[in-house]
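Have a look at input.tsv below; it lists TSV, C-alpha atoms.
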```
chain	number	residue	atom	x	y	z
A	201	MET	CA	0.00	0.00	0.00
A	202	THR	CA	1.24	3.49	-0.72
A	203	SER	CA	1.94	5.95	2.05
A	204	GLN	CA	-0.50	8.69	2.96
A	205	ARG	CA	1.82	11.49	1.80
A	206	HIS	CA	0.54	13.78	-0.92
A	207	LEU	CA	1.83	12.68	-4.35
A	208	TYR	CA	2.66	15.31	-6.96
A	209	PHE	CA	3.74	14.79	-10.56
A	210	GLU	CA	7.40	14.90	-9.49
A	211	ASP	CA	6.89	11.89	-7.18
A	212	PHE	CA	6.27	9.52	-10.10
A	213	TYR	CA	9.16	7.91	-12.00
A	214	VAL	CA	9.48	5.34	-14.76
A	215	GLY	CA	9.60	1.81	-13.36
A	216	GLN	CA	7.93	2.76	-10.08
A	217	GLU	CA	5.68	0.02	-8.70
A	218	LEU	CA	3.03	0.89	-6.14
A	219	ARG	CA	1.48	-2.17	-4.50
A	220	LEU	CA	-2.12	-1.37	-3.68
A	221	GLY	CA	-3.08	-4.22	-1.40
A	222	ALA	CA	-5.55	-7.05	-1.80
A	223	ARG	CA	-9.31	-7.47	-2.02
A	224	LEU	CA	-11.47	-10.58	-1.59
A	225	VAL	CA	-14.12	-11.03	-4.30
A	226	THR	CA	-17.41	-12.71	-3.41
A	227	GLU	CA	-19.83	-14.47	-5.73
A	228	GLU	CA	-22.64	-12.39	-4.24
A	229	GLU	CA	-21.02	-9.13	-5.35
A	230	ILE	CA	-20.24	-10.61	-8.78
A	231	ILE	CA	-23.93	-11.41	-9.27
A	232	ALA	CA	-25.10	-8.05	-7.84
A	233	PHE	CA	-22.79	-6.12	-10.20
A	234	ALA	CA	-23.89	-8.25	-13.16
A	235	ARG	CA	-27.60	-7.76	-12.40
A	236	GLN	CA	-27.14	-4.01	-12.60
A	237	PHE	CA	-24.49	-3.57	-15.30
A	238	ASP	CA	-23.65	-6.74	-17.28
A	239	PRO	CA	-26.51	-9.26	-17.07
A	240	GLN	CA	-24.98	-12.08	-19.09
A	241	PRO	CA	-25.84	-15.63	-17.91
A	242	PHE	CA	-22.25	-16.61	-17.00
A	243	HIS	CA	-22.14	-13.63	-14.60
A	244	LEU	CA	-25.57	-14.24	-13.06
A	245	ASP	CA	-26.71	-17.83	-13.01
A	246	GLN	CA	-24.74	-20.75	-11.56
A	247	GLU	CA	-26.48	-23.35	-13.73
A	248	ALA	CA	-26.07	-21.40	-16.97
A	249	ALA	CA	-22.48	-20.51	-16.04
A	250	ALA	CA	-21.66	-24.17	-15.34
A	251	GLY	CA	-22.56	-24.95	-18.96
A	252	SER	CA	-20.52	-22.07	-20.35
A	253	ILE	CA	-16.87	-22.08	-21.46
A	254	PHE	CA	-16.04	-20.73	-17.98
A	255	GLY	CA	-17.54	-23.66	-16.05
A	256	GLY	CA	-18.96	-21.38	-13.36
A	257	VAL	CA	-19.94	-17.84	-12.45
A	258	ILE	CA	-17.27	-15.26	-13.25
A	259	ALA	CA	-16.99	-11.53	-12.65
A	260	SER	CA	-17.77	-9.16	-15.48
A	261	GLY	CA	-14.60	-7.63	-16.86
A	262	TRP	CA	-16.15	-4.26	-16.05
A	263	HIS	CA	-16.57	-5.37	-12.44
A	264	THR	CA	-12.89	-6.36	-12.37
A	265	CYS	CA	-11.97	-2.92	-13.74
A	266	SER	CA	-14.19	-1.25	-11.15
A	267	MET	CA	-12.46	-3.12	-8.34
A	268	MET	CA	-9.08	-2.16	-9.78
A	269	MET	CA	-10.19	1.47	-10.05
A	270	ARG	CA	-11.25	1.51	-6.40
A	271	MET	CA	-7.84	0.19	-5.36
A	272	VAL	CA	-6.06	2.82	-7.51
A	273	VAL	CA	-8.23	5.60	-6.06
A	274	ASP	CA	-7.61	4.44	-2.48
A	275	GLY	CA	-3.91	3.70	-2.96
A	276	VAL	CA	-2.78	6.47	-5.32
A	277	LEU	CA	-5.29	9.06	-6.50
A	278	ASN	CA	-6.89	10.14	-3.21
A	279	GLY	CA	-3.41	10.84	-1.82
A	280	SER	CA	-2.29	12.88	-4.81
A	281	SER	CA	-2.67	16.02	-6.85
A	282	SER	CA	-4.70	14.12	-9.46
A	283	MET	CA	-6.47	16.31	-11.98
A	284	GLY	CA	-8.35	13.48	-13.69
A	285	SER	CA	-7.56	11.42	-16.75
A	286	PRO	CA	-7.77	12.00	-20.49
A	287	GLY	CA	-8.59	8.29	-20.87
A	288	LEU	CA	-7.48	4.70	-21.10
A	289	ASP	CA	-5.69	3.08	-24.00
A	290	CYS	CA	-6.00	-0.62	-23.34
A	291	VAL	CA	-7.99	-2.97	-21.11
A	292	ARG	CA	-7.29	-6.71	-21.10
A	293	TRP	CA	-9.22	-9.43	-19.27
A	294	ILE	CA	-6.73	-12.26	-19.18
A	295	ARG	CA	-8.23	-14.81	-16.76
A	296	PRO	CA	-11.67	-15.14	-15.20
A	297	VAL	CA	-12.21	-13.72	-11.71
A	298	ARG	CA	-14.37	-15.92	-9.49
A	299	GLY	CA	-15.98	-15.70	-6.09
A	300	GLY	CA	-13.35	-16.50	-3.47
A	301	ASP	CA	-10.50	-14.98	-5.48
A	302	THR	CA	-8.32	-12.36	-3.85
A	303	LEU	CA	-7.21	-9.61	-6.22
A	304	SER	CA	-3.97	-7.70	-5.74
A	305	VAL	CA	-3.18	-4.63	-7.84
A	306	VAL	CA	0.17	-3.09	-8.77
A	307	TYR	CA	0.33	0.40	-10.32
A	308	VAL	CA	3.39	0.61	-12.58
A	309	THR	CA	4.58	4.00	-13.88
A	310	LYS	CA	5.50	3.62	-17.56
A	311	GLU	CA	6.11	7.25	-18.59
A	312	VAL	CA	6.14	10.73	-17.06
A	313	ARG	CA	6.06	13.90	-19.11
A	314	ALA	CA	5.63	17.49	-18.07
A	315	SER	CA	3.11	19.49	-20.06
A	316	ALA	CA	4.75	21.86	-22.53
A	317	SER	CA	1.70	24.14	-22.70
A	318	LYS	CA	0.54	24.01	-19.04
A	319	PRO	CA	3.52	24.22	-16.67
A	320	ASP	CA	1.39	23.49	-13.58
A	321	ARG	CA	0.87	19.81	-14.57
A	322	GLY	CA	2.21	16.67	-16.11
A	323	VAL	CA	0.96	13.33	-17.44
A	324	VAL	CA	1.73	9.96	-15.90
A	325	VAL	CA	1.22	6.91	-18.14
A	326	SER	CA	0.58	3.83	-16.03
A	327	LEU	CA	-0.14	0.12	-16.22
A	328	TRP	CA	-2.42	-1.41	-13.61
A	329	GLN	CA	-1.88	-5.14	-13.11
A	330	ALA	CA	-4.40	-7.26	-11.20
A	331	SER	CA	-3.39	-10.74	-10.07
A	332	ASN	CA	-5.27	-13.44	-8.18
A	333	GLN	CA	-4.16	-15.25	-5.03
A	334	HIS	CA	-2.08	-17.66	-7.16
A	335	GLY	CA	-0.07	-14.80	-8.65
A	336	GLU	CA	-1.78	-15.23	-12.02
A	337	LEU	CA	-2.39	-12.03	-13.98
A	338	VAL	CA	-6.14	-11.61	-14.46
A	339	ALA	CA	-6.45	-8.10	-15.94
A	340	THR	CA	-4.45	-5.09	-17.06
A	341	VAL	CA	-5.40	-1.48	-17.70
A	342	GLU	CA	-3.16	1.08	-19.43
A	343	GLY	CA	-4.02	4.69	-18.87
A	344	MET	CA	-2.97	8.25	-18.32
A	345	GLY	CA	-3.42	10.56	-15.38
A	346	MET	CA	-2.88	14.28	-15.09
A	347	PHE	CA	-1.15	15.43	-11.90
A	348	ARG	CA	-0.46	18.90	-10.57
A	349	ARG	CA	3.21	19.78	-10.18
A	350	ARG	CA	4.61	20.45	-6.74
A	351	PRO	CA	4.21	24.11	-5.74
A	352	ARG	CA	7.45	26.05	-5.64
A	353	ALA	CA	8.61	27.26	-2.26
A	354	VAL	CA	8.96	31.00	-1.73
A	355	GLY	CA	12.35	32.07	-3.06
A	356	ASP	CA	12.69	29.18	-5.55
A	357	ALA	CA	13.88	30.22	-8.96
```
Once more with this new file: its structure as structure tokens, please.
Amino acid sequence: MTSQRHLYFEDFYVGQELRLGARLVTEEEIIAFARQFDPQPFHLDQEAAAGSIFGGVIASGWHTCSMMMRMVVDGVLNGSSSMGSPGLDCVRWIRPVRGGDTLSVVYVTKEVRASASKPDRGVVVSLWQASNQHGELVATVEGMGMFRRRPRAVGDA
């Protein structure tokens, strides 16, 4: 888990890995999310899911992304100068997530670049990697975040 200090653009560096903890996934929450947002049979119904290519109920990929997002918000963004995101470039669902799985997320900094036109901010390109309790990669998200630069102290040039 990251520390509670306030992160500015300058605190990110290429190769940085922030471990964001772990989260237990329940079948009940998988079904509840699916009922509201992705009501496909293999997310909702044990019997239908048993006959699917997955052999049982699995989390929606969007549910997996939502869990990852929560961990990134709690572990990075809420303790930062985040100014939002211009978007995501790539989402991959690599392995099914099932009830009883424990997800761990690592936030990897891939690129940092100061804005040429807006000197108060920079962009951090990141890769979020979610793994299950067996260390198997289950999902990845590549994205960008805008972060405010650290304020200059009085007397700084």
Hey, can I get the axis-aligned box for region 209-228 of chain A? All listed atoms, 4 Å padding on each side, centre and edge lengths in Å to one decimal, as JSON.
```
{"center_x": -6.5, "center_y": 0.2, "center_z": -8.1, "size_x": 40.2, "size_y": 37.4, "size_z": 21.4}
```
All residues 12 Å or closer to region 277-292 of chain A, only C-alpha atoms, same chain fewer than 4 positions away omitted, as a PyMOL selection string: chain A and resi 201-212+218+220+261-262+264-266+268-273+296+307+320-330+337-351
Find the residues around region 242-251 of chain A up to 7 Å (only C-alpha atoms counted), leave out those fewer than 5 positions away in its own chain, and share them as a list in words.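 Once the adjacent positions are removed, what remains is Ile230, Ile231, Ala234, Arg235, Gly256, Val257, Ile258, Ala259 and Ser260 of chain A.
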Keeping only C-alpha atoms, write those residues as a PDB file, in the coordinates of the input.
```pdb
ATOM      1  CA  ILE A 230     -20.240 -10.610  -8.780  1.00  0.00           C
ATOM      2  CA  ILE A 231     -23.930 -11.410  -9.270  1.00  0.00           C
ATOM      3  CA  ALA A 234     -23.890  -8.250 -13.160  1.00  0.00           C
ATOM      4  CA  ARG A 235     -27.600  -7.760 -12.400  1.00  0.00           C
ATOM      5  CA  GLY A 256     -18.960 -21.380 -13.360  1.00  0.00           C
ATOM      6  CA  VAL A 257     -19.940 -17.840 -12.450  1.00  0.00           C
ATOM      7  CA  ILE A 258     -17.270 -15.260 -13.250  1.00  0.00           C
ATOM      8  CA  ALA A 259     -16.990 -11.530 -12.650  1.00  0.00           C
ATOM      9  CA  SER A 260     -17.770  -9.160 -15.480  1.00  0.00           C
TER      10      SER A 260
END
```
